[in-house]
Every structure is written in C-alpha cells, then in structure tokens.
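Participant: Just protein01.txt, nothing more (compact mmCIF, C-alpha atoms):
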```
# COMPACT_ATOMS: atom_id res chain seq x y z
CA MET A 1 0.00 0.00 0.00
CA SER A 2 1.03 3.62 -0.49
CA PRO A 3 1.58 5.56 2.75
CA ILE A 4 -1.69 7.46 2.22
CA VAL A 5 -3.79 4.34 1.62
CA ARG A 6 -2.15 2.50 4.52
CA GLY A 7 -2.63 5.46 6.83
CA LEU A 8 -6.31 5.92 5.96
CA THR A 9 -6.95 2.18 6.23
CA MET A 10 -5.49 2.07 9.73
CA LEU A 11 -7.33 5.22 10.76
CA TYR A 12 -10.69 3.85 9.63
CA LEU A 13 -10.02 0.42 11.14
CA THR A 14 -9.16 1.83 14.56
CA THR A 15 -12.16 4.17 14.35
CA ILE A 16 -14.65 1.37 13.83
CA LEU A 17 -12.99 -0.79 16.51
CA LEU A 18 -13.11 1.86 19.23
CA GLY A 19 -16.63 2.81 18.18
CA PHE A 20 -17.54 -0.86 18.65
CA ALA A 21 -16.00 -0.85 22.13
CA HIS A 22 -17.76 2.37 23.22
CA GLY A 23 -21.08 1.18 21.79
CA MET A 24 -21.22 -1.83 24.10
CA LEU A 25 -21.87 0.35 27.17
CA PRO A 26 -25.31 2.03 26.71
CA PRO A 27 -27.38 -1.19 26.35
CA ILE A 28 -25.96 -2.62 29.60
CA ILE A 29 -27.02 0.38 31.72
CA PRO A 30 -30.09 -1.49 33.10
CA VAL A 31 -27.86 -4.53 33.80
CA LEU A 32 -25.32 -2.32 35.61
CA ALA A 33 -28.15 -1.04 37.80
CA SER A 34 -29.01 -4.56 38.94
CA GLU A 35 -25.36 -5.72 39.11
CA PHE A 36 -24.34 -2.91 41.48
CA GLU A 37 -27.79 -2.52 43.12
CA ILE A 38 -28.22 1.14 42.15
CA SER A 39 -30.92 3.15 40.36
CA GLY A 40 -31.13 3.30 36.59
CA GLY A 41 -30.48 7.05 36.66
CA PHE A 42 -27.29 6.51 38.66
CA ALA A 43 -26.17 3.68 36.37
CA ALA A 44 -26.58 6.04 33.39
CA GLN A 45 -23.76 8.12 34.84
CA VAL A 46 -21.23 5.75 33.25
CA VAL A 47 -21.91 7.84 30.15
CA THR A 48 -21.44 11.04 32.17
CA ALA A 49 -18.10 9.83 33.57
CA PHE A 50 -16.85 9.05 30.09
CA MET A 51 -17.93 12.47 28.82
CA VAL A 52 -16.36 14.34 31.75
CA GLY A 53 -13.13 12.57 30.90
CA ARG A 54 -13.44 13.70 27.30
CA LEU A 55 -13.95 17.26 28.54
CA ILE A 56 -10.65 17.14 30.45
CA GLY A 57 -8.81 15.37 27.65
CA GLN A 58 -9.67 17.85 24.90
CA PRO A 59 -7.41 20.80 25.88
CA LEU A 60 -4.62 18.42 26.87
CA GLY A 61 -4.84 16.70 23.50
CA GLY A 62 -4.93 19.95 21.55
CA THR A 63 -1.79 21.30 23.23
CA LEU A 64 0.02 17.97 22.96
CA ILE A 65 -0.71 17.58 19.24
CA ASP A 66 0.13 21.17 18.25
CA ARG A 67 3.50 20.86 20.01
CA PHE A 68 4.56 17.26 19.34
CA GLY A 69 2.44 15.92 16.48
CA THR A 70 -0.14 13.16 16.62
CA ARG A 71 2.03 10.18 17.60
CA PRO A 72 1.74 10.48 21.42
CA ALA A 73 -2.05 10.82 21.27
CA VAL A 74 -2.64 8.07 18.70
CA LEU A 75 -0.47 5.54 20.55
CA GLY A 76 -1.00 6.59 24.16
CA GLY A 77 -4.78 6.88 23.98
CA PRO A 78 -5.58 3.18 23.40
CA VAL A 79 -3.10 2.06 26.09
CA ALA A 80 -4.74 4.30 28.68
CA MET A 81 -8.20 3.14 27.59
CA ALA A 82 -7.29 -0.54 27.91
CA LEU A 83 -5.92 -0.08 31.42
CA ALA A 84 -8.84 2.09 32.54
CA VAL A 85 -11.76 -0.05 31.35
CA SER A 86 -10.16 -3.24 32.68
CA VAL A 87 -11.36 -2.01 36.10
CA GLY A 88 -14.87 -3.06 35.05
CA VAL A 89 -13.77 -6.69 34.86
CA VAL A 90 -12.81 -6.95 38.53
CA THR A 91 -14.40 -4.18 40.60
CA GLN A 92 -17.12 -4.99 43.12
CA TRP A 93 -18.06 -1.32 43.57
CA PHE A 94 -19.55 1.19 41.16
CA TRP A 95 -17.31 4.20 41.88
CA PRO A 96 -14.04 2.59 40.59
CA LEU A 97 -15.88 1.90 37.34
CA LEU A 98 -16.82 5.58 37.08
CA ILE A 99 -13.17 6.57 37.63
CA GLY A 100 -12.01 4.08 35.00
CA LEU A 101 -14.47 5.39 32.43
CA PHE A 102 -13.44 8.97 33.26
CA ILE A 103 -9.83 8.09 32.38
CA ALA A 104 -10.97 6.22 29.27
CA GLY A 105 -12.93 9.29 28.14
CA ALA A 106 -9.88 11.55 28.49
CA ALA A 107 -7.75 9.08 26.53
CA ASP A 108 -10.43 8.74 23.86
CA SER A 109 -10.67 12.50 23.27
CA MET A 110 -6.91 12.79 22.81
CA TRP A 111 -6.85 9.78 20.50
CA MET A 112 -9.79 11.05 18.47
CA LEU A 113 -8.23 14.49 17.91
CA GLY A 114 -4.90 12.92 16.96
CA ARG A 115 -6.68 10.63 14.51
CA GLU A 116 -8.43 13.56 12.84
CA ILE A 117 -5.28 15.67 12.47
CA ALA A 118 -3.39 12.69 11.03
CA GLY A 119 -6.20 12.16 8.51
CA VAL A 120 -6.48 15.85 7.58
CA ASP A 121 -2.79 15.90 6.70
CA LEU A 122 -3.24 12.91 4.40
CA VAL A 123 -5.98 14.40 2.17
CA LYS A 124 -6.66 17.59 0.21
CA PRO A 125 -8.87 20.36 1.70
CA ASN A 126 -11.67 19.56 -0.75
CA GLN A 127 -11.69 15.95 0.52
CA ARG A 128 -12.06 16.80 4.20
CA GLY A 129 -15.81 16.30 4.22
CA ARG A 130 -15.51 12.76 2.92
CA LEU A 131 -12.68 12.03 5.34
CA MET A 132 -14.66 13.23 8.35
CA SER A 133 -17.81 11.56 7.07
CA GLY A 134 -15.89 8.30 6.95
CA PHE A 135 -14.57 8.80 10.47
CA MET A 136 -17.97 9.58 11.96
CA GLY A 137 -19.76 7.00 9.83
CA PHE A 138 -17.46 4.12 10.70
CA HIS A 139 -17.54 5.20 14.35
CA GLY A 140 -21.34 5.12 14.23
CA VAL A 141 -21.34 1.69 12.57
CA GLY A 142 -18.97 0.43 15.26
CA MET A 143 -21.23 1.93 17.96
CA GLY A 144 -24.25 0.15 16.53
CA LEU A 145 -22.56 -3.23 16.18
CA GLY A 146 -21.07 -2.84 19.64
CA ALA A 147 -24.49 -2.01 21.08
CA TRP A 148 -25.93 -5.16 19.56
CA LEU A 149 -23.13 -7.32 20.97
CA GLY A 150 -23.03 -5.48 24.31
CA GLY A 151 -26.76 -5.92 24.83
CA ASN A 152 -26.61 -9.64 24.12
CA VAL A 153 -23.40 -10.33 26.07
CA GLY A 154 -24.54 -8.21 29.02
CA GLU A 155 -27.88 -10.02 29.15
CA ASP A 156 -26.56 -13.58 28.62
CA VAL A 157 -23.06 -13.54 30.16
CA GLY A 158 -22.80 -10.43 32.33
CA VAL A 159 -21.23 -6.98 32.41
CA ARG A 160 -17.76 -8.33 33.29
CA ALA A 161 -17.51 -9.98 29.89
CA VAL A 162 -18.44 -6.71 28.18
CA PHE A 163 -15.56 -4.86 29.86
CA ALA A 164 -13.17 -7.72 29.06
CA ILE A 165 -14.02 -7.39 25.36
CA TYR A 166 -13.64 -3.59 25.59
CA THR A 167 -10.15 -4.01 27.12
CA ALA A 168 -9.04 -6.46 24.42
CA ILE A 169 -10.23 -4.16 21.63
CA ALA A 170 -8.37 -1.13 23.04
CA ALA A 171 -5.17 -3.18 23.33
CA PHE A 172 -5.49 -4.34 19.72
CA VAL A 173 -6.06 -0.76 18.55
CA PHE A 174 -2.72 0.20 20.11
CA LEU A 175 -0.96 -2.49 18.06
CA VAL A 176 -2.64 -1.34 14.84
CA SER A 177 -1.98 2.35 15.56
CA VAL A 178 1.77 1.81 15.20
CA LEU A 179 1.16 1.81 11.42
CA ILE A 180 -0.58 5.23 11.43
CA PRO A 181 1.63 8.06 10.06
CA SER A 182 2.41 10.87 12.47
CA ALA A 183 1.21 14.34 11.44
CA GLU A 184 3.53 17.25 12.21
CA ARG A 185 2.79 20.97 12.26
CA PRO A 186 3.68 22.85 9.06
CA GLN A 187 7.23 24.20 9.36
CA ALA A 188 6.15 27.71 8.39
CA ALA A 189 3.72 27.82 11.30
CA ARG A 190 6.11 26.74 14.06
CA SER A 191 6.72 30.31 15.22
CA VAL A 192 3.00 31.14 15.29
CA PRO A 193 1.35 32.03 17.60
CA PRO A 194 3.69 33.79 20.04
CA ARG A 195 3.51 32.60 23.61
CA VAL A 196 0.98 34.69 25.50
CA GLU A 197 1.12 35.02 29.27
CA GLY A 198 -2.07 35.26 31.22
CA SER A 199 -4.99 33.14 32.32
CA ARG A 200 -6.25 30.14 30.40
CA LEU A 201 -9.20 32.22 29.23
CA GLU A 202 -6.88 34.93 27.88
CA ARG A 203 -4.82 32.36 25.99
CA LEU A 204 -8.00 30.88 24.53
CA TYR A 205 -9.15 34.35 23.46
CA ASN A 206 -5.79 34.88 21.74
CA LEU A 207 -6.36 31.71 19.73
CA TYR A 208 -9.85 32.91 18.83
CA LEU A 209 -8.45 36.23 17.52
CA GLN A 210 -6.35 34.37 14.97
CA ILE A 211 -9.50 33.32 13.14
CA ASP A 212 -10.50 35.47 10.18
CA PRO A 213 -12.84 38.16 11.66
CA ARG A 214 -15.52 37.26 9.13
CA MET A 215 -15.58 33.68 10.46
CA ARG A 216 -15.48 34.30 14.20
CA ALA A 217 -19.25 34.28 14.66
CA THR A 218 -19.38 31.10 12.58
CA TYR A 219 -16.86 29.46 14.89
CA LEU A 220 -19.00 30.34 17.93
CA VAL A 221 -22.11 28.92 16.26
CA LEU A 222 -20.19 25.75 15.43
CA ILE A 223 -19.32 25.42 19.12
CA PHE A 224 -22.99 25.70 20.13
CA ALA A 225 -24.06 23.32 17.37
CA THR A 226 -21.52 20.74 18.46
CA ALA A 227 -22.71 21.06 22.06
CA SER A 228 -26.30 20.44 20.96
CA MET A 229 -25.25 17.44 18.86
CA MET A 230 -23.27 15.96 21.72
CA LEU A 231 -26.20 16.57 24.05
CA TYR A 232 -28.65 14.65 21.89
CA ARG A 233 -26.25 11.79 21.16
CA THR A 234 -25.31 11.13 24.78
CA ALA A 235 -28.89 11.69 25.94
CA TYR A 236 -30.03 9.20 23.30
CA GLN A 237 -27.42 6.68 24.49
CA ALA A 238 -28.19 7.10 28.18
CA ILE A 239 -31.92 7.91 28.37
CA VAL A 240 -33.39 5.84 25.53
CA PRO A 241 -32.33 2.60 27.30
CA LEU A 242 -34.13 3.83 30.42
CA HIS A 243 -37.24 4.70 28.38
CA MET A 244 -37.15 1.27 26.74
CA ASP A 245 -36.72 -0.38 30.13
CA ASP A 246 -39.73 1.60 31.41
CA ILE A 247 -41.91 0.20 28.61
CA GLY A 248 -40.70 -3.36 29.19
CA LEU A 249 -38.06 -3.94 26.50
CA THR A 250 -34.93 -6.06 27.05
CA PRO A 251 -31.22 -5.15 26.76
CA SER A 252 -30.95 -7.17 23.54
CA GLN A 253 -33.83 -5.15 22.04
CA ILE A 254 -32.06 -1.96 23.14
CA GLY A 255 -29.00 -3.17 21.26
CA GLU A 256 -31.11 -3.83 18.17
CA LEU A 257 -32.39 -0.24 18.26
CA PHE A 258 -28.86 1.16 18.32
CA LEU A 259 -27.95 -1.16 15.46
CA VAL A 260 -30.72 0.42 13.37
CA VAL A 261 -29.25 3.89 14.02
CA ALA A 262 -25.83 2.60 12.99
CA PHE A 263 -27.22 1.18 9.76
CA GLY A 264 -28.69 4.57 8.89
CA SER A 265 -25.30 6.17 9.53
CA LEU A 266 -23.62 3.57 7.32
CA VAL A 267 -25.98 4.26 4.44
CA MET A 268 -25.23 7.99 4.68
CA ILE A 269 -21.41 7.83 4.72
CA VAL A 270 -20.97 8.43 0.99
CA PRO A 271 -23.94 10.80 0.45
CA ALA A 272 -23.01 12.92 3.49
CA GLY A 273 -19.40 13.26 2.33
CA PHE A 274 -20.58 14.29 -1.14
CA VAL A 275 -22.99 16.88 0.27
CA VAL A 276 -20.33 18.40 2.55
CA ASP A 277 -17.57 18.53 -0.09
CA LYS A 278 -19.57 19.34 -3.22
CA ILE A 279 -22.75 21.19 -2.23
CA GLY A 280 -22.03 22.93 1.08
CA ARG A 281 -21.32 22.35 4.75
CA LYS A 282 -24.59 23.97 5.86
CA TRP A 283 -26.62 21.55 3.74
CA ALA A 284 -25.50 18.91 6.21
CA THR A 285 -25.23 20.81 9.50
CA VAL A 286 -28.69 22.41 9.47
CA PRO A 287 -30.87 19.32 8.88
CA SER A 288 -28.66 17.15 11.10
CA THR A 289 -29.58 19.33 14.10
CA ALA A 290 -33.21 20.00 13.18
CA MET A 291 -34.14 16.35 12.51
CA PRO A 292 -33.07 15.00 15.94
CA GLY A 293 -35.01 17.85 17.55
CA ILE A 294 -38.15 16.62 15.82
CA ALA A 295 -37.35 13.02 16.77
CA PHE A 296 -36.95 13.96 20.44
CA LEU A 297 -40.44 15.47 20.41
CA LEU A 298 -41.81 12.10 19.23
CA ILE A 299 -39.94 9.64 21.48
CA PRO A 300 -42.04 10.23 24.66
CA PHE A 301 -45.17 9.14 22.78
CA THR A 302 -43.73 5.71 21.91
CA GLY A 303 -44.81 2.68 23.93
CA SER A 304 -43.45 -0.24 21.94
CA LEU A 305 -40.45 -1.30 19.85
CA GLY A 306 -42.02 -0.62 16.44
CA PRO A 307 -42.38 3.19 16.69
CA LEU A 308 -38.93 3.43 18.30
CA ILE A 309 -37.41 1.57 15.35
CA ALA A 310 -39.07 4.02 12.96
CA ILE A 311 -37.61 6.94 14.94
CA ALA A 312 -34.24 5.17 15.02
CA VAL A 313 -34.23 5.02 11.21
CA PHE A 314 -34.93 8.77 11.13
CA MET A 315 -32.19 9.37 13.72
CA GLY A 316 -29.77 7.20 11.77
CA PHE A 317 -30.20 9.24 8.60
CA SER A 318 -29.86 12.54 10.46
CA ASN A 319 -26.85 11.29 12.38
CA GLY A 320 -25.31 10.14 9.11
CA LEU A 321 -25.88 13.53 7.57
CA SER A 322 -24.02 15.17 10.45
CA LEU A 323 -20.98 12.95 9.89
CA GLY A 324 -18.04 15.26 10.37
CA SER A 325 -19.76 18.28 8.88
CA VAL A 326 -19.19 20.52 11.92
CA ALA A 327 -15.62 19.30 12.40
CA THR A 328 -14.93 19.88 8.70
CA SER A 329 -16.31 23.41 8.95
CA THR A 330 -14.03 24.09 11.91
CA TYR A 331 -10.96 22.89 10.01
CA ASP A 332 -12.02 25.32 7.25
CA VAL A 333 -12.07 28.18 9.75
CA ALA A 334 -9.05 27.38 11.94
CA PRO A 335 -5.50 28.45 10.91
CA ASP A 336 -3.14 25.49 10.58
CA ALA A 337 -0.82 26.56 13.38
CA VAL A 338 -3.57 26.39 16.00
CA ARG A 339 -6.00 23.94 14.40
CA ALA A 340 -5.70 21.27 17.11
CA ARG A 341 -6.21 23.76 19.93
CA LEU A 342 -9.17 25.44 18.24
CA GLN A 343 -10.76 22.07 17.56
CA ALA A 344 -10.06 21.06 21.15
CA ALA A 345 -11.52 24.36 22.43
CA ARG A 346 -14.70 23.80 20.40
CA ARG A 347 -15.02 20.29 21.68
CA THR A 348 -14.17 21.22 25.26
CA VAL A 349 -17.08 23.65 25.37
CA SER A 350 -19.29 21.23 23.48
CA GLU A 351 -18.55 18.45 25.97
CA VAL A 352 -20.74 20.42 28.38
CA GLY A 353 -23.59 19.27 26.18
CA ALA A 354 -22.30 15.71 26.27
CA ILE A 355 -22.12 15.78 30.06
CA THR A 356 -25.48 17.51 30.45
CA GLY A 357 -27.24 14.86 28.36
CA PRO A 358 -26.93 11.90 30.74
CA LEU A 359 -26.36 13.90 33.94
CA LEU A 360 -29.45 16.10 33.81
CA GLY A 361 -31.35 13.42 31.93
CA GLY A 362 -30.62 10.83 34.62
CA PHE A 363 -31.82 13.23 37.34
CA LEU A 364 -35.00 14.08 35.44
CA ALA A 365 -35.59 10.41 34.64
CA VAL A 366 -35.56 9.58 38.36
CA GLN A 367 -37.96 12.44 39.14
CA LEU A 368 -40.31 12.35 36.14
CA GLY A 369 -39.57 9.22 34.14
CA ALA A 370 -37.44 8.93 31.01
CA GLY A 371 -40.03 10.18 28.49
CA PRO A 372 -40.31 13.86 29.55
CA VAL A 373 -36.51 14.28 29.36
CA PHE A 374 -36.68 14.50 25.57
CA PHE A 375 -39.04 17.50 25.69
CA VAL A 376 -36.34 19.41 27.61
CA TYR A 377 -33.63 18.76 25.00
CA ALA A 378 -35.58 19.17 21.75
CA PRO A 379 -35.65 23.03 21.75
CA VAL A 380 -31.86 23.19 22.08
CA LEU A 381 -31.44 21.27 18.84
CA LEU A 382 -33.96 23.41 17.00
CA ILE A 383 -32.22 26.63 18.15
CA ALA A 384 -28.87 25.24 16.93
CA ALA A 385 -30.39 24.53 13.53
CA ALA A 386 -31.71 28.10 13.30
CA LEU A 387 -28.30 29.60 14.20
CA LEU A 388 -26.54 27.44 11.62
CA MET A 389 -29.05 28.51 9.00
CA PHE A 390 -29.20 32.27 9.65
CA VAL A 391 -25.98 33.24 11.49
CA ALA A 392 -23.17 30.91 10.41
CA ARG A 393 -21.39 31.43 7.09
CA GLU A 394 -20.85 28.72 4.52
CA THR A 395 -17.21 27.60 4.89
CA LEU A 396 -16.88 25.52 1.73
CA VAL A 397 -14.77 27.37 -0.84
CA LYS A 398 -15.71 26.21 -4.31
CA ARG A 399 -13.34 26.51 -7.20
CA PRO A 400 -14.62 28.84 -9.92
CA ALA A 401 -15.52 27.18 -13.17
CA GLN A 402 -12.84 27.59 -15.85
CA ALA A 403 -13.78 29.74 -18.83
CA PRO A 404 -13.50 27.94 -22.19
CA SER A 405 -10.31 28.73 -24.08
CA ALA A 406 -10.42 30.71 -27.31
CA SER A 407 -9.46 27.70 -29.37
CA HIS A 408 -12.15 25.64 -27.67
CA GLY A 409 -14.73 28.35 -28.19
CA ALA A 410 -13.86 28.51 -31.86
```
Can I see the file as structure tokens?
Facilitator:
Amino acid sequence: MSPIVRGLTMLYLTTILLGFAHGMLPPIIPVLASEFEISGGFAAQVVTAFMVGRLIGQPLGGTLIDRFGTRPAVLGGPVAMALAVSVGVVTQWFWPLLIGLFIAGAADSMWMLGREIAGVDLVKPNQRGRLMSGFMGFHGVGMGLGAWLGGNVGEDVGVRAVFAIYTAIAAFVFLVSVLIPSAERPQAARSVPPRVEGSRLERLYNLYLQIDPRMRATYLVLIFATASMMLYRTAYQAIVPLHMDDIGLTPSQIGELFLVVAFGSLVMIVPAGFVVDKIGRKWATVPSTAMPGIAFLLIPFTGSLGPLIAIAVFMGFSNGLSLGSVATSTYDVAPDAVRARLQAARRTVSEVGAITGPLLGGFLAVQLGAGPVFFVYAPVLLIAAALLMFVARETLVKRPAQAPSASHGA
C-alpha cells in the first residue's frame, strides 16, 4: 500500500474498533443497575463519567498535538483506555468503574483528535468532508454493532464480559496504531502564535483572535451546534435505554435499536461526504440538528419497539448527515498553526452538552420518568439549527468554473 492508503486504512479500522467498544456500554445500563444494586439514573452516569473525561482530555490533547504531532495521542490513547476499562472486569463497587471510564474518556478524546489531524494531513482540503464523514460514519457503525453485541453479552453472560471485550479491543487498537503516520505541524507555522502570558481564558481568546474576523461568529455557532449534537447523542445513548426499560423492553432489544441507528449512519457515509464537499457544509449541519429535535419530540409518545425503530431510522439518517460536517467546517475556519487547539476548544465547550445529556437526563428520569426528558432537549437542537441557518457562514470554498479557451470556443 502507499503511505496514504495505509494510513487511511489504519485510521478507519481503529475508528470502527473503538466505536464498537464504546457502543457496548449504553445497552448494559439497566444490567449495571441490577449488578451494582443502584438506580437506573445513577447507572446512566457511566456515560457522564466518560464524557467528563473527554472534557478534560480535549485541551490536553490539543496542546500535545500542536507541540509534538499526533504520535503520542494516537499511541498513548488506546493504552490508557485498555488499562482504565479493565477495572470493570474486577471491581465490586460502582465508583471505581466511574473513575475508569473517566480516564478512558480523556484518553479517547486525545486519541480522536490525533486521529483527525493525522487524517487531515493525508488528504486535500476539498476531501475533508468525505474524510470526516468516513470517520464519523465508521464510528457510528462500530457503535451500533457494539451495542448489539453489548446488549446480548450483558444479558446472557454479564457486564464483566463486556468490559473484558472492551479491554481487548483497546489493546489491539494500540498495536494497529503503530502503522498510522504521524502528522507534524507545518514548518512555516512553528513560530506562530507567540507565547501569550495570562490566564487560560486569555490564551483561549488569543487563539480565537487568529480566526478570520468574518468567520469568528461562525466558529462560535459551530461550538454551540456541536454542544447540541453531543447533548442529543449522549442523551439518546443514556436515556433511551431507560425509556425502553420503562416500557418493558430487554437489553438485547435496546442493542437492536442502536444497530438500526448505525445502519442509517452507514448508508449515509458516501452521500453525506458528497454533500459536505460538493454542495455545502450547511446543507448537512442544518438538517442534522433539526431532525433529531423533531425526533426527540416524538420519542415520549412511543410505547413499543415498532415506533422506536421508525424513529431510530430517522435518527440514523440525520446522524449520518451530520458525519463530520461541523468538524470539517471548523478545520475550514481554523488556521493550521492552531488547528488542534481550536478544535479542542470547540469540543471542550461542546462536551458540556455531552455531560449535560446523561447527567441532567438521569436526574429528570428519576424524578419524572425517562419520556419527559426529551421534551427538555428538543428546543436546544432546534435553536442550533436556526443559528446554523441564519448566522453561520458557509465555509466551503468552491473553485470557480474555468472559462473555455479561445481555441475551444472557436
């Protein structure tokens, strides 16, 4: 294989494998509740712990990658994940599991950012949409397949087996990641930006000022849109299993529902990449936030598996359409010298949405039941869609069509 083909192959393979590992967790939330003798809302905080870890890992990963390249993040992330999730195989208490998943979340965020930067350096700017669509699509497919396996293994064998499989996958990803090329900062950008003394907030503001002034509002909207997307995805992972448990469905049926969402994402990998690269970024970002908002308004009215599967198909298509579109837009906006830190800053803020999803959702589910939680989150998604439509700029730069030559015109 050429270095580019080998690099992309390894990046996509590790993406689907770690997506598979992460996807095994949501369907076993009801089983965790019975295993550790806790409430379903408390068990759902395994998703919160993972997302809090991702929040912490984002700025660390951005600084690490901008200074040293992607190698430390791409290799170190899977090792830390394997060690952290192995706690779930042996622990008799719930809190060590939360700590382990917190560490795994931090490692995953650093690995994910390193993977993206490595991929961006392998392709042309007008191929970024398809690259990111592939990343998000294969991750979604892995999540769905993992949910199916996790639901069945958790129900038939137990949660210890699920964490053992997770550990083995993370260890294998480390071995495969050795073949991923390391991405370095462009030489011309090594002296930019100058070191700025001051608080963390002041340093972040300095990074923000390096964005083209015309695109600064767009960057802020992309942050809010990402937060809303992370909110609905983690809420879907954590609260839908509780809603399905409330209406009498089994963990294996929960896994089947997530598999349907993954199939929709798989179908949309190629179309979403084409839309983002050829038509426009906003043609993907706007509907991919509006459609889940509509779906969330419908979920509380479902009382059986059939309507939930129909909504899952809808969610799968919308999730597929969002594949990497916001991340691609951010790479369009961010200068190369600070691209990792600006991506990490966007994701750090957006992880608030990821944490809010299961944390607030779990609390509301205990107080009100799982169904009403979705009414709380739906307006956030619809507001994000409106901001993307009316405030954000289109970041895709299309090449002008070439005028016919004189000889051709003759």
Participant: Using only C-alpha atoms, which of the listed residues (A:Asn126, A:Gln343, A:Thr348, A:Ser288) sits closest to Ala385 (chain A)?
Facilitator: A:Ser288
Participant: Which polymer residues have any atom within 10 Å of an atom of Ala104 (chain A), counting only C-alpha atoms, with same-chain residues fewer than 4 positions away left out, as a ChimeraX atom specification?
Facilitator: /A:22,49-51,53-54,57,77-85,98-100,108-109,170
Participant: If you keep C-alpha atoms, can you produce a file of those selected residues as a compact mmCIF listing (two decimals), in the coordinates of the input?
Facilitator:
```txt
# COMPACT_ATOMS: atom_id res chain seq x y z
CA HIS A 22 -17.76 2.37 23.22
CA ALA A 49 -18.10 9.83 33.57
CA PHE A 50 -16.85 9.05 30.09
CA MET A 51 -17.93 12.47 28.82
CA GLY A 53 -13.13 12.57 30.90
CA ARG A 54 -13.44 13.70 27.30
CA GLY A 57 -8.81 15.37 27.65
CA GLY A 77 -4.78 6.88 23.98
CA PRO A 78 -5.58 3.18 23.40
CA VAL A 79 -3.10 2.06 26.09
CA ALA A 80 -4.74 4.30 28.68
CA MET A 81 -8.20 3.14 27.59
CA ALA A 82 -7.29 -0.54 27.91
CA LEU A 83 -5.92 -0.08 31.42
CA ALA A 84 -8.84 2.09 32.54
CA VAL A 85 -11.76 -0.05 31.35
CA LEU A 98 -16.82 5.58 37.08
CA ILE A 99 -13.17 6.57 37.63
CA GLY A 100 -12.01 4.08 35.00
CA ASP A 108 -10.43 8.74 23.86
CA SER A 109 -10.67 12.50 23.27
CA ALA A 170 -8.37 -1.13 23.04
```
Participant: Extract, using all atoms listed in the file, all DNA, RNA and protein residues at most 12 Å from Arg214 (chain A), discarding same-chain residues fewer than 6 positions from it, and format them as a list in words.
Facilitator: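 Counting all atoms listed in the file, the residues come to Leu220, Val333, Val391, Ala392, Arg393, Glu394 and Thr395 of chain A.
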Participant: Between CA of Val157 (chain A) and CA of Val31 (chain A), what is the distance in Å, rounded to a tenth?
Facilitator: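 Straight-line distance from CA of Val157 (chain A) to CA of Val31 (chain A) works out to 10.8 Å.
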Participant: Neighbours of Ala290 (chain A) within 9 Å (all atoms listed in the file; same-chain residues fewer than 5 positions away dropped), as a ChimeraX atom specification?
Facilitator: /A:285,295,318,378,381-386
Participant: For the atom pair CA of Thr14 (chain A) and CA of Met230 (chain A), what is the interatomic distance in Å to one decimal place?
Facilitator: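 One can read the CA of Thr14 (chain A) to CA of Met230 (chain A) distance as 21.2 Å.
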Participant: At what distance in Å, to one decimal, does CA of Asp66 (chain A) lie from CA of Ile223 (chain A)?
Facilitator: 19.9 Å
Participant: Can you tell me which residues surround region 252-260 of chain A at a distance of at most 9 Å, considering only C-alpha atoms, apart from same-chain residues fewer than 4 positions away, and format the answer as a ChimeraX atom specification?
Facilitator: /A:23-24,26-28,141,143-155,237,240-241,244-245,264-265,305,308-309,312-313,316
Participant: Compile the contact shell of Thr48 (chain A) as an MDAnalysis selection string: residues with an atom at most 6 Å away, counting all atoms listed in the file, same-chain residues fewer than 2 positions apart removed.
Facilitator: chainID A and resid 45:46 50:51 355 358:359
